[in-house]
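Shown next: entry20.cif, containing mmCIF, C-alpha atoms and all ligand atoms.
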data_upload
loop_
_atom_site.label_atom_id
_atom_site.label_comp_id
_atom_site.auth_asym_id
_atom_site.auth_seq_id
_atom_site.Cartn_x
_atom_site.Cartn_y
_atom_site.Cartn_z
CA MET A 172 -14.47 -15.76 -6.03
CA ARG A 173 -13.16 -16.96 -2.68
CA PHE A 174 -9.66 -16.14 -1.44
CA ARG A 175 -8.51 -19.73 -1.96
CA GLU A 176 -9.68 -19.72 -5.58
CA LEU A 177 -8.14 -16.31 -6.16
CA VAL A 178 -4.67 -17.26 -4.94
CA GLU A 179 -4.82 -20.51 -6.87
CA ALA A 180 -5.99 -18.74 -10.03
CA LYS A 181 -3.27 -16.10 -9.70
CA PRO A 182 -0.03 -17.82 -8.74
CA ARG A 183 1.99 -14.78 -9.87
CA LEU A 184 0.33 -12.44 -7.34
CA LYS A 185 3.21 -10.72 -5.62
CA TYR A 186 2.17 -7.33 -4.25
CA LEU A 187 -0.90 -7.37 -2.04
CA PHE A 188 -2.39 -4.39 -0.23
CA THR A 189 -5.09 -4.06 2.40
CA GLY A 190 -7.20 -0.96 2.81
CA GLY A 191 -10.34 0.21 4.55
CA LYS A 192 -11.67 2.42 7.32
CA GLY A 193 -9.77 2.77 10.60
CA GLY A 194 -9.88 -0.23 12.91
CA VAL A 195 -11.72 -2.62 10.58
CA GLY A 196 -8.94 -5.21 10.49
CA LYS A 197 -6.51 -4.12 7.75
CA THR A 198 -3.49 -5.18 9.77
CA ILE A 199 -4.82 -8.59 10.80
CA SER A 200 -5.94 -9.27 7.20
CA ALA A 201 -2.53 -8.31 5.81
CA ALA A 202 -0.92 -10.55 8.42
CA GLY A 203 -3.33 -13.39 7.57
CA ILE A 204 -2.48 -13.14 3.87
CA ALA A 205 1.25 -13.02 4.61
CA TYR A 206 0.96 -16.00 6.96
CA TYR A 207 -0.90 -18.00 4.31
CA TYR A 208 1.84 -17.47 1.74
CA ALA A 209 4.72 -18.06 4.16
CA ASN A 210 3.04 -21.25 5.34
CA ASN A 211 2.87 -22.41 1.74
CA GLY A 212 6.59 -22.02 1.25
CA TYR A 213 6.80 -18.56 -0.25
CA LYS A 214 9.36 -16.16 1.14
CA THR A 215 7.04 -13.39 2.30
CA LEU A 216 7.52 -9.86 3.55
CA LEU A 217 4.83 -8.09 5.56
CA ALA A 218 5.52 -4.36 5.31
CA SER A 219 3.77 -1.84 7.51
CA LEU A 220 3.67 1.75 6.33
CA ASN A 221 1.67 2.82 9.36
CA PRO A 222 2.75 5.50 11.79
CA VAL A 223 1.65 3.22 14.63
CA HIS A 224 3.70 0.08 15.26
CA SER A 225 0.89 -2.40 14.90
CA LEU A 226 2.97 -5.38 13.79
CA THR A 227 5.07 -5.29 16.94
CA SER A 228 1.98 -5.78 19.10
CA LEU A 229 0.35 -8.20 16.67
CA PHE A 230 3.32 -10.61 16.68
CA LYS A 231 4.47 -9.80 20.22
CA GLN A 232 7.94 -9.33 18.76
CA ASP A 233 9.99 -6.14 18.62
CA LEU A 234 9.90 -5.15 14.96
CA ARG A 235 10.69 -1.49 15.44
CA GLY A 236 13.68 0.21 13.87
CA GLY A 237 12.85 0.04 10.17
CA ALA A 238 14.88 -3.11 9.41
CA ILE A 239 13.45 -6.31 7.96
CA LYS A 240 13.22 -8.99 10.63
CA LYS A 241 12.34 -12.67 10.57
CA ILE A 242 9.12 -13.53 12.40
CA GLU A 243 10.04 -16.09 15.00
CA GLY A 244 7.98 -19.24 14.87
CA VAL A 245 6.84 -18.97 11.23
CA ASP A 246 9.11 -20.19 8.43
CA ASN A 247 9.53 -17.83 5.46
CA LEU A 248 7.80 -14.91 7.14
CA TYR A 249 9.55 -11.55 7.50
CA ALA A 250 8.24 -8.18 8.56
CA VAL A 251 9.28 -4.55 8.54
CA GLU A 252 7.81 -1.55 10.27
CA VAL A 253 8.84 1.47 8.30
CA GLU A 254 9.82 4.36 10.56
CA ILE A 255 7.99 7.33 9.16
CA ASP A 256 10.13 9.96 10.85
CA ASP A 257 13.33 8.51 9.41
CA VAL A 258 11.82 8.19 5.96
CA VAL A 259 10.57 11.77 6.01
CA ALA A 260 13.89 13.11 7.29
CA ARG A 261 15.86 11.29 4.60
CA TYR A 262 13.42 12.35 1.90
CA LYS A 263 13.70 15.93 3.05
CA GLU A 264 17.49 15.76 2.98
CA ASN A 265 17.42 14.36 -0.54
CA ILE A 266 15.10 17.01 -1.85
CA SER A 267 17.08 19.78 -0.17
CA ARG A 268 20.27 18.50 -1.74
CA ARG A 269 18.65 18.40 -5.17
CA ILE A 270 17.35 21.92 -4.89
CA ARG A 271 20.74 23.22 -3.69
CA GLU A 272 22.64 21.40 -6.41
CA PHE A 273 20.26 22.61 -9.04
CA MET A 274 20.44 26.25 -7.98
CA LYS A 275 24.21 26.08 -7.88
CA TRP A 276 24.38 24.35 -11.24
CA ALA A 277 21.95 26.76 -12.84
CA ASP A 278 23.83 29.71 -11.36
CA ILE A 279 20.78 31.07 -9.56
CA PRO A 280 22.17 33.27 -6.82
CA ILE A 281 19.23 32.95 -4.42
CA ASP A 282 19.09 31.50 -0.95
CA PRO A 283 17.52 28.06 -1.54
CA LYS A 284 16.15 27.79 2.02
CA PRO A 285 12.65 29.18 1.35
CA PHE A 286 12.24 26.86 -1.65
CA ILE A 287 13.26 23.91 0.44
CA GLU A 288 10.79 24.94 3.14
CA ILE A 289 7.93 25.18 0.65
CA ALA A 290 8.81 21.85 -0.92
CA THR A 291 9.07 19.92 2.32
CA THR A 292 6.55 21.34 4.76
CA ASN A 293 3.30 20.87 2.87
CA PRO A 294 0.90 18.28 4.29
CA ALA A 295 1.26 15.90 1.37
CA PHE A 296 5.00 15.66 1.93
CA GLN A 297 4.83 12.88 4.50
CA GLU A 298 2.54 10.85 2.27
CA SER A 299 4.78 11.41 -0.74
CA ALA A 300 7.74 10.28 1.33
CA MET A 301 5.89 7.09 2.30
CA PHE A 302 4.88 6.49 -1.28
CA ASP A 303 8.49 6.87 -2.32
CA LYS A 304 9.45 4.34 0.34
CA MET A 305 6.76 1.96 -0.89
CA MET A 306 8.16 2.22 -4.43
CA ASP A 307 11.65 1.43 -3.09
CA ILE A 308 10.33 -1.66 -1.31
CA VAL A 309 8.61 -2.83 -4.50
CA ILE A 310 11.78 -2.32 -6.55
CA GLU A 311 14.40 -3.50 -4.07
CA GLU A 312 12.66 -6.13 -1.94
CA GLY A 313 10.72 -7.41 -4.94
CA GLN A 314 13.97 -9.12 -5.88
CA ASN A 315 14.42 -10.74 -2.47
CA PHE A 316 10.88 -11.91 -1.73
CA ASP A 317 8.26 -14.03 -3.48
CA LYS A 318 5.36 -12.08 -1.95
CA ILE A 319 5.09 -8.65 -0.35
CA VAL A 320 2.01 -7.73 1.64
CA PHE A 321 1.58 -4.03 2.42
CA ASP A 322 -0.37 -2.83 5.42
CA THR A 323 -0.95 0.79 4.44
CA ALA A 324 -2.83 3.30 6.54
CA ALA A 325 -3.32 5.76 3.73
CA VAL A 326 -4.54 3.54 0.91
CA ALA A 327 -6.62 6.36 -0.51
CA ASN A 328 -3.51 8.40 -0.79
CA ALA A 329 -1.43 5.59 -2.22
CA VAL A 330 -4.10 4.99 -4.82
CA ARG A 331 -4.21 8.65 -5.71
CA LEU A 332 -0.46 8.72 -6.07
CA ILE A 333 -0.45 5.63 -8.27
CA GLY A 334 -3.18 7.27 -10.33
CA LEU A 335 -1.33 10.55 -10.43
CA SER A 336 1.89 8.81 -11.37
CA LYS A 337 0.53 8.60 -14.90
CA ILE A 338 0.14 12.36 -15.08
CA TYR A 339 3.38 12.75 -13.19
CA GLY A 340 5.12 10.51 -15.70
CA LEU A 341 3.81 12.58 -18.60
CA TRP A 342 4.89 15.74 -16.82
CA LEU A 343 8.35 14.25 -16.20
CA GLN A 344 8.70 13.33 -19.85
CA ARG A 345 7.81 16.89 -20.81
CA MET A 346 10.31 18.23 -18.30
CA ILE A 347 13.01 15.96 -19.65
CA LYS A 348 12.27 17.06 -23.18
CA SER A 349 12.31 20.77 -22.43
CA ARG A 350 15.44 20.31 -20.36
CA GLU A 351 17.07 18.63 -23.36
CA GLU A 352 15.98 21.47 -25.59
CA ALA A 353 17.30 24.10 -23.22
CA LEU A 354 20.59 22.26 -22.89
CA SER A 355 21.08 21.71 -26.60
CA LEU A 356 20.39 25.39 -27.19
CA ARG A 357 23.13 26.13 -24.73
CA VAL A 358 25.49 23.90 -26.69
CA LYS A 359 24.53 25.55 -29.98
CA LEU A 360 25.07 29.04 -28.64
CA SER A 361 28.32 28.23 -26.99
CA PHE A 362 31.81 28.76 -28.44
CA ARG A 363 33.31 26.11 -26.25
CA LYS A 364 31.02 23.23 -27.03
CA GLU A 365 33.07 20.51 -25.32
CA LYS A 366 33.03 22.30 -22.02
CA VAL A 367 29.27 22.82 -22.17
CA MET A 368 28.70 19.19 -23.12
CA GLU A 369 30.69 18.17 -20.07
CA GLU A 370 28.56 20.41 -17.91
CA ILE A 371 25.35 19.00 -19.32
CA LYS A 372 26.37 15.49 -18.36
CA LYS A 373 26.57 16.71 -14.82
CA ASP A 374 23.14 18.37 -14.87
CA PRO A 375 21.64 17.09 -11.61
CA LEU A 376 18.09 17.98 -12.52
CA MET A 377 18.26 15.96 -15.71
CA ALA A 378 19.67 12.93 -13.93
CA ASP A 379 16.99 13.16 -11.26
CA LEU A 380 14.17 13.54 -13.73
CA ILE A 381 15.33 10.51 -15.66
CA SER A 382 15.74 8.29 -12.62
CA LEU A 383 12.41 9.37 -11.10
CA ASN A 384 10.68 8.70 -14.37
CA GLU A 385 12.24 5.24 -14.58
CA LYS A 386 11.13 4.48 -11.03
CA PHE A 387 7.55 5.62 -11.60
CA THR A 388 7.31 3.76 -14.89
CA SER A 389 8.52 0.46 -13.50
CA VAL A 390 6.41 0.62 -10.32
CA ARG A 391 3.30 1.66 -12.24
CA LYS A 392 3.74 -1.27 -14.58
CA VAL A 393 3.85 -3.64 -11.63
CA LEU A 394 1.03 -2.09 -9.61
CA LEU A 395 -1.41 -1.92 -12.50
CA ASN A 396 -0.83 -5.53 -13.49
CA SER A 397 -3.69 -7.65 -12.14
CA ASP A 398 -1.62 -10.85 -12.32
CA GLU A 399 0.94 -9.40 -9.94
CA THR A 400 -0.93 -6.92 -7.78
CA ALA A 401 -4.17 -6.93 -5.80
CA PHE A 402 -5.80 -4.45 -3.45
CA PHE A 403 -8.06 -5.95 -0.78
CA PHE A 404 -10.63 -3.90 1.05
CA VAL A 405 -11.70 -4.79 4.54
CA THR A 406 -15.15 -4.03 5.89
CA LEU A 407 -17.35 -4.88 8.83
CA PRO A 408 -21.04 -5.69 8.52
CA LEU A 409 -21.80 -2.03 9.31
CA SER A 410 -22.95 0.84 7.17
CA LEU A 411 -19.99 3.24 7.37
CA PRO A 412 -17.19 0.76 6.58
CA ILE A 413 -19.29 -0.62 3.71
CA ALA A 414 -19.64 2.89 2.29
CA VAL A 415 -15.89 3.46 2.60
CA VAL A 416 -15.12 0.20 0.77
CA LYS A 417 -17.55 1.05 -2.02
CA ARG A 418 -15.92 4.44 -2.45
CA PHE A 419 -12.43 2.89 -2.49
CA ILE A 420 -13.41 0.33 -5.09
CA LYS A 421 -14.81 3.04 -7.34
CA MET A 422 -11.67 5.10 -6.99
CA VAL A 423 -9.28 2.21 -7.51
CA THR A 424 -11.19 1.00 -10.56
CA ALA A 425 -11.11 4.49 -12.04
CA TYR A 426 -7.31 4.39 -11.86
CA ASP A 427 -7.13 0.85 -13.33
CA ILE A 428 -5.67 -0.49 -10.11
CA PRO A 429 -6.53 -4.19 -9.71
CA VAL A 430 -9.04 -5.04 -6.97
CA GLY A 431 -8.38 -8.39 -5.29
CA GLY A 432 -11.65 -8.39 -3.41
CA VAL A 433 -13.50 -7.54 -0.23
CA ILE A 434 -12.83 -9.08 3.17
CA VAL A 435 -15.72 -9.03 5.64
CA ASN A 436 -14.36 -9.03 9.17
CA MET A 437 -15.82 -9.55 12.65
CA VAL A 438 -18.71 -11.69 11.50
CA LEU A 439 -20.79 -12.74 14.50
CA LYS A 440 -21.49 -16.46 14.34
CA LYS A 441 -25.05 -17.70 14.31
CA SER A 442 -24.23 -20.38 16.86
CA VAL A 443 -22.94 -17.69 19.23
CA ALA A 444 -26.01 -15.48 18.78
CA GLU A 445 -28.34 -18.42 19.34
CA ALA A 446 -26.54 -19.71 22.40
CA THR A 447 -26.59 -16.44 24.30
CA ASN A 448 -29.26 -14.75 26.41
CA ASN A 449 -27.48 -11.46 25.97
CA GLU A 450 -29.91 -9.05 24.32
CA TYR A 451 -27.10 -6.87 23.08
CA ILE A 452 -25.46 -9.69 21.13
CA LYS A 453 -28.83 -10.87 19.80
CA ASN A 454 -29.52 -7.37 18.51
CA GLN A 455 -26.06 -7.09 17.05
CA TYR A 456 -26.66 -10.31 15.20
CA GLN A 457 -29.97 -9.10 13.72
CA GLN A 458 -28.33 -5.87 12.66
CA GLN A 459 -25.47 -7.80 11.09
CA LEU A 460 -27.91 -9.88 9.02
CA HIS A 461 -29.30 -6.65 7.64
CA TYR A 462 -25.86 -5.37 6.62
CA MET A 463 -24.87 -8.78 5.27
CA GLU A 464 -27.78 -8.51 2.87
CA ILE A 465 -26.50 -5.14 1.78
CA ILE A 466 -23.00 -6.54 1.31
CA GLN A 467 -24.46 -9.38 -0.75
CA ARG A 468 -26.47 -6.98 -2.84
CA ASP A 469 -23.73 -4.40 -3.45
CA LEU A 470 -20.46 -6.31 -3.18
CA GLY A 471 -21.53 -9.96 -3.31
CA ASP A 472 -19.31 -11.27 -6.08
CA GLN A 473 -16.33 -9.30 -4.81
CA VAL A 474 -16.28 -10.85 -1.33
CA VAL A 475 -13.28 -13.17 -1.05
CA SER A 476 -13.24 -13.85 2.69
CA TYR A 477 -15.28 -13.78 5.88
CA ILE A 478 -13.45 -13.57 9.17
CA PRO A 479 -15.46 -14.44 12.29
CA LEU A 480 -15.47 -12.23 15.36
CA TYR A 481 -13.17 -14.03 17.79
CA ASP A 482 -13.64 -14.20 21.53
CA ARG A 483 -10.33 -12.35 21.97
CA GLU A 484 -8.03 -9.89 20.26
CA VAL A 485 -5.93 -11.05 17.36
CA VAL A 486 -2.51 -11.21 18.98
CA GLY A 487 0.21 -13.81 18.53
CA ILE A 488 1.11 -16.26 15.79
CA ASP A 489 -1.61 -18.77 16.62
CA MET A 490 -4.33 -16.16 16.16
CA VAL A 491 -2.76 -14.91 12.91
CA GLY A 492 -2.73 -18.51 11.69
CA ARG A 493 -6.40 -18.78 12.59
CA VAL A 494 -7.17 -15.64 10.58
CA ALA A 495 -5.29 -17.09 7.60
CA SER A 496 -7.24 -20.34 7.71
CA ASP A 497 -10.59 -18.59 8.19
CA MET A 498 -9.81 -16.26 5.29
CA LEU A 499 -9.44 -19.34 3.12
CA ASP A 500 -12.38 -21.43 4.23
CA TYR A 501 -14.80 -19.88 6.68
CA VAL A 502 -18.33 -19.38 5.41
CA PRO A 503 -20.90 -17.91 7.82
CA GLU A 504 -23.63 -20.44 8.67
CA PHE A 505 -26.37 -17.96 7.84
CA LEU A 506 -25.00 -17.14 4.40
CA PRO A 507 -26.75 -19.90 2.45
CA GLU A 508 -30.11 -18.78 3.94
CA LEU A 509 -29.32 -15.21 3.07
CA LEU A 510 -28.56 -16.08 -0.51
CA THR A 511 -31.81 -17.95 -1.09
N1 LIG B 601 -12.21 -10.80 13.81
C1 LIG B 601 -11.75 -10.23 14.92
N2 LIG B 601 -12.05 -10.73 16.13
C2 LIG B 601 -11.57 -10.16 17.25
N3 LIG B 601 -10.79 -9.07 17.26
C3 LIG B 601 -10.46 -8.52 16.08
C4 LIG B 601 -10.90 -9.06 14.84
N4 LIG B 601 -10.43 -8.31 13.84
C5 LIG B 601 -9.70 -7.34 14.42
N5 LIG B 601 -9.70 -7.46 15.75
C6 LIG B 601 -9.05 -6.56 16.71
O1 LIG B 601 -9.46 -5.27 16.40
C7 LIG B 601 -8.40 -4.33 16.45
C8 LIG B 601 -8.23 -3.66 15.10
O2 LIG B 601 -7.76 -4.58 14.13
P1 LIG B 601 -6.60 -4.14 13.13
O3 LIG B 601 -5.48 -3.56 13.89
O4 LIG B 601 -6.29 -5.25 12.21
O5 LIG B 601 -7.39 -2.98 12.34
P2 LIG B 601 -6.78 -1.88 11.37
O6 LIG B 601 -7.79 -1.68 10.30
O7 LIG B 601 -5.42 -2.27 10.96
O8 LIG B 601 -6.72 -0.61 12.34
P3 LIG B 601 -5.93 0.77 12.07
O9 LIG B 601 -6.83 1.56 11.17
O10 LIG B 601 -5.82 1.36 13.43
O11 LIG B 601 -4.61 0.43 11.45
C9 LIG B 601 -7.19 -5.13 16.91
O12 LIG B 601 -7.07 -5.00 18.29
C10 LIG B 601 -7.53 -6.56 16.54
O13 LIG B 601 -6.93 -7.49 17.39
MG MG B 602 -3.60 -1.27 11.15
#

Represent the supplied structure as structure tokens.
Amino acid sequence: MRFRELVEAKPRLKYLFTGGKGGVGKTISAAGIAYYYANNGYKTLLASLNPVHSLTSLFKQDLRGGAIKKIEGVDNLYAVEVEIDDVVARYKENISRRIREFMKWADIPIDPKPFIEIATTNPAFQESAMFDKMMDIVIEEGQNFDKIVFDTAAVANAVRLIGLSKIYGLWLQRMIKSREEALSLRVKLSFRKEKVMEEIKKDPLMADLISLNEKFTSVRKVLLNSDETAFFFVTLPLSLPIAVVKRFIKMVTAYDIPVGGVIVNMVLKKSVAEATNNEYIKNQYQQQLHYMEIIQRDLGDQVVSYIPLYDREVVGIDMVGRVASDMLDYVPEFLPELLT
């Protein structure tokens, strides 16, 4: 199915993600998708969860600072570059507060500092913080926008977290249940039941568990719904990026996360290869034909778009618009030959 058919067949698509190996064109594809929707009258948010501020250079507009800004020159298009350091700091503060409150509430007379250190300095912490932020964008901005396109650096991680959220949800439910049991036992054993009941209502751990569980449940429901959500994987006609995309698709499918399709970027045009005397480009073109065959063989029916290799970087609104239109309609001239 081509991108145009896909978006027409799925008018309710709302959360779109791009993933793939480094430098293959995830950001320009996300921008192309966002531009397409904005141009068709949908209020669209392009959200970057990357540590590098790629949208600022792509649109030549200062989008730093973590606030949603209107893209000048395109109606309905908004963008946000999430500031990782701020997100991580806030997340750390939150978790520290929870641990402190809990220890105080549970009357555990231990210095909470080491626990806080352990909880917030492991390598997955930053990714968890970004995932939490992504969930907040889905829940909060989902009400303000018709379409949200995520440019995520760590798709593999996001996918894992979405997958894990099922197990996490089960674990949370268990925690809630055993917390309830522990608390009701405390009520039973107590002589001053009213006072204990009051205390239980204030149990910070319980309140946190319940709200986290609600958040996970609602985001999971959205992200696993193939009418609303689609993950797109970007590749080049080269062996390594193709392998990465294949691995991603396997992983995503295993977690029941809906695959939108594969985008093949930087396709060298036949007309360009034929017009040049440059041996390098001619060789590149031959090599590309080889990998295109492999893409056809292994991913053929999943390819939704081909994006040609342009004679310049993708920078500025005009180029983003060109990407959007090529994503819809461009078919490499050599493709029909390749398919026969
Ligand atoms: N089809 C194309 N033609 C010409 N230049 C391109 C094309 N696609 C991408 N580029 C350029 O290649 C670079 C990488 O593209 P992009 O930033 O979209 O990749 P990415 O996958 O988001 O990279 P990263 O992993 O660093 O986030 C950019 O400078 C972009 O302008
Ligand atoms: Mg990028």

query = What do you get as a PyMOL selection string if you pick all residues at most 8 Å from ligand LIG 601 (chain B), counting all atoms listed in the file?
reply = chain A and resi 190-200+221+223+225+229+322-324+405+436-438+478-486+494

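Going from atom CA of A:Val259 over to atom CA of A:Glu298, you cover 8.9 Å.
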
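With distances restricted to all atoms listed in the file, A:Thr227 is the closest residue to ligand MG 602 (chain B) from A:Asn315, A:Thr227, A:Asn384, A:Thr215.
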
key: Gap from atom CA of A:Gly313 to atom CA of A:Ile347 - Å, one decimal   = 27.7 Å

ask   = Can you tell me how far atom CA of A:Gln344 sits from atom CA of A:Glu272, in Å to one decimal?
value = 21.0 Å

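Compared by their closest atoms to ligand MG 602 (chain B), and using all atoms listed in the file, the residues A:Leu216, A:Ile413, A:Ile428, A:Ala201 rank with A:Ala201 nearest.
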
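Distances from A:Glu311, A:Glu369, A:Glu252, A:Asp303 to ligand MG 602 (chain B) were compared using all atoms listed in the file, and the smallest one belongs to A:Glu252.
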
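Residues in contact with stretch 236-240 of chain A at up to 10 Å, not including ones fewer than 4 positions away on its chain and judged by all atoms listed in the file, are Leu216, Leu217, Ala218, Ser219, Gln232, Leu248, Tyr249, Ala250, Val251, Glu252, Val253, Glu254, Ile255, Asp257, Val258 and Glu312 of chain A.
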
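With all atoms listed in the file as the atoms that count, the residue of A:Tyr206, A:Tyr262, A:Phe174, A:Phe321 with the shortest distance to ligand MG 602 (chain B) is A:Phe321.
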
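Distances here use only C-alpha atoms and all ligand atoms; by that measure, the residue among A:Arg235, A:Arg175, A:Arg391, A:His224 closest to ligand MG 602 (chain B) is A:His224.
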
task = Mind checking which residues fall within 12 Å of A:Gly212, counting only C-alpha atoms, ignoring those fewer than 6 positions away in the same chain, and posting them as a PyMOL selection string?
result = chain A and resi 205-206+245-248+316-318

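Taking all atoms listed in the file into account, A:Phe505 lies nearest to A:Met463 out of the set A:Val475, A:Met463, A:Ile488, A:Leu470.
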
ask   = Once you count all atoms listed in the file, which residues end up no further than 10 Å from (-21.9, -15.1, 16.8) in the file's frame, shown as a PyMOL selection string?
value = chain A and resi 437-447+452-453+455-456+459+479-482+503-504

Neighbour list for A:Ala300 as an mmCIF file with C-alpha atoms, in the frame of the given file, cut-off 12 Å, only C-alpha atoms, skip fewer than 5 positions in-chain:
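As written to disk, selection.cif reads:
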data_model
loop_
_atom_site.group_PDB
_atom_site.id
_atom_site.type_symbol
_atom_site.label_atom_id
_atom_site.label_comp_id
_atom_site.auth_asym_id
_atom_site.auth_seq_id
_atom_site.Cartn_x
_atom_site.Cartn_y
_atom_site.Cartn_z
ATOM 1 C CA LEU A 220 3.670 1.750 6.330
ATOM 2 C CA VAL A 253 8.840 1.470 8.300
ATOM 3 C CA GLU A 254 9.820 4.360 10.560
ATOM 4 C CA ILE A 255 7.990 7.330 9.160
ATOM 5 C CA ASP A 256 10.130 9.960 10.850
ATOM 6 C CA ASP A 257 13.330 8.510 9.410
ATOM 7 C CA VAL A 258 11.820 8.190 5.960
ATOM 8 C CA VAL A 259 10.570 11.770 6.010
ATOM 9 C CA ALA A 260 13.890 13.110 7.290
ATOM 10 C CA ARG A 261 15.860 11.290 4.600
ATOM 11 C CA TYR A 262 13.420 12.350 1.900
ATOM 12 C CA LYS A 263 13.700 15.930 3.050
ATOM 13 C CA GLU A 264 17.490 15.760 2.980
ATOM 14 C CA ASN A 265 17.420 14.360 -0.540
ATOM 15 C CA ILE A 266 15.100 17.010 -1.850
ATOM 16 C CA ALA A 290 8.810 21.850 -0.920
ATOM 17 C CA THR A 291 9.070 19.920 2.320
ATOM 18 C CA THR A 292 6.550 21.340 4.760
ATOM 19 C CA ASN A 293 3.300 20.870 2.870
ATOM 20 C CA PRO A 294 0.900 18.280 4.290
ATOM 21 C CA ALA A 295 1.260 15.900 1.370
ATOM 22 C CA MET A 305 6.760 1.960 -0.890
ATOM 23 C CA MET A 306 8.160 2.220 -4.430
ATOM 24 C CA ASP A 307 11.650 1.430 -3.090
ATOM 25 C CA ASN A 328 -3.510 8.400 -0.790
ATOM 26 C CA ALA A 329 -1.430 5.590 -2.220
ATOM 27 C CA LEU A 332 -0.460 8.720 -6.070
#
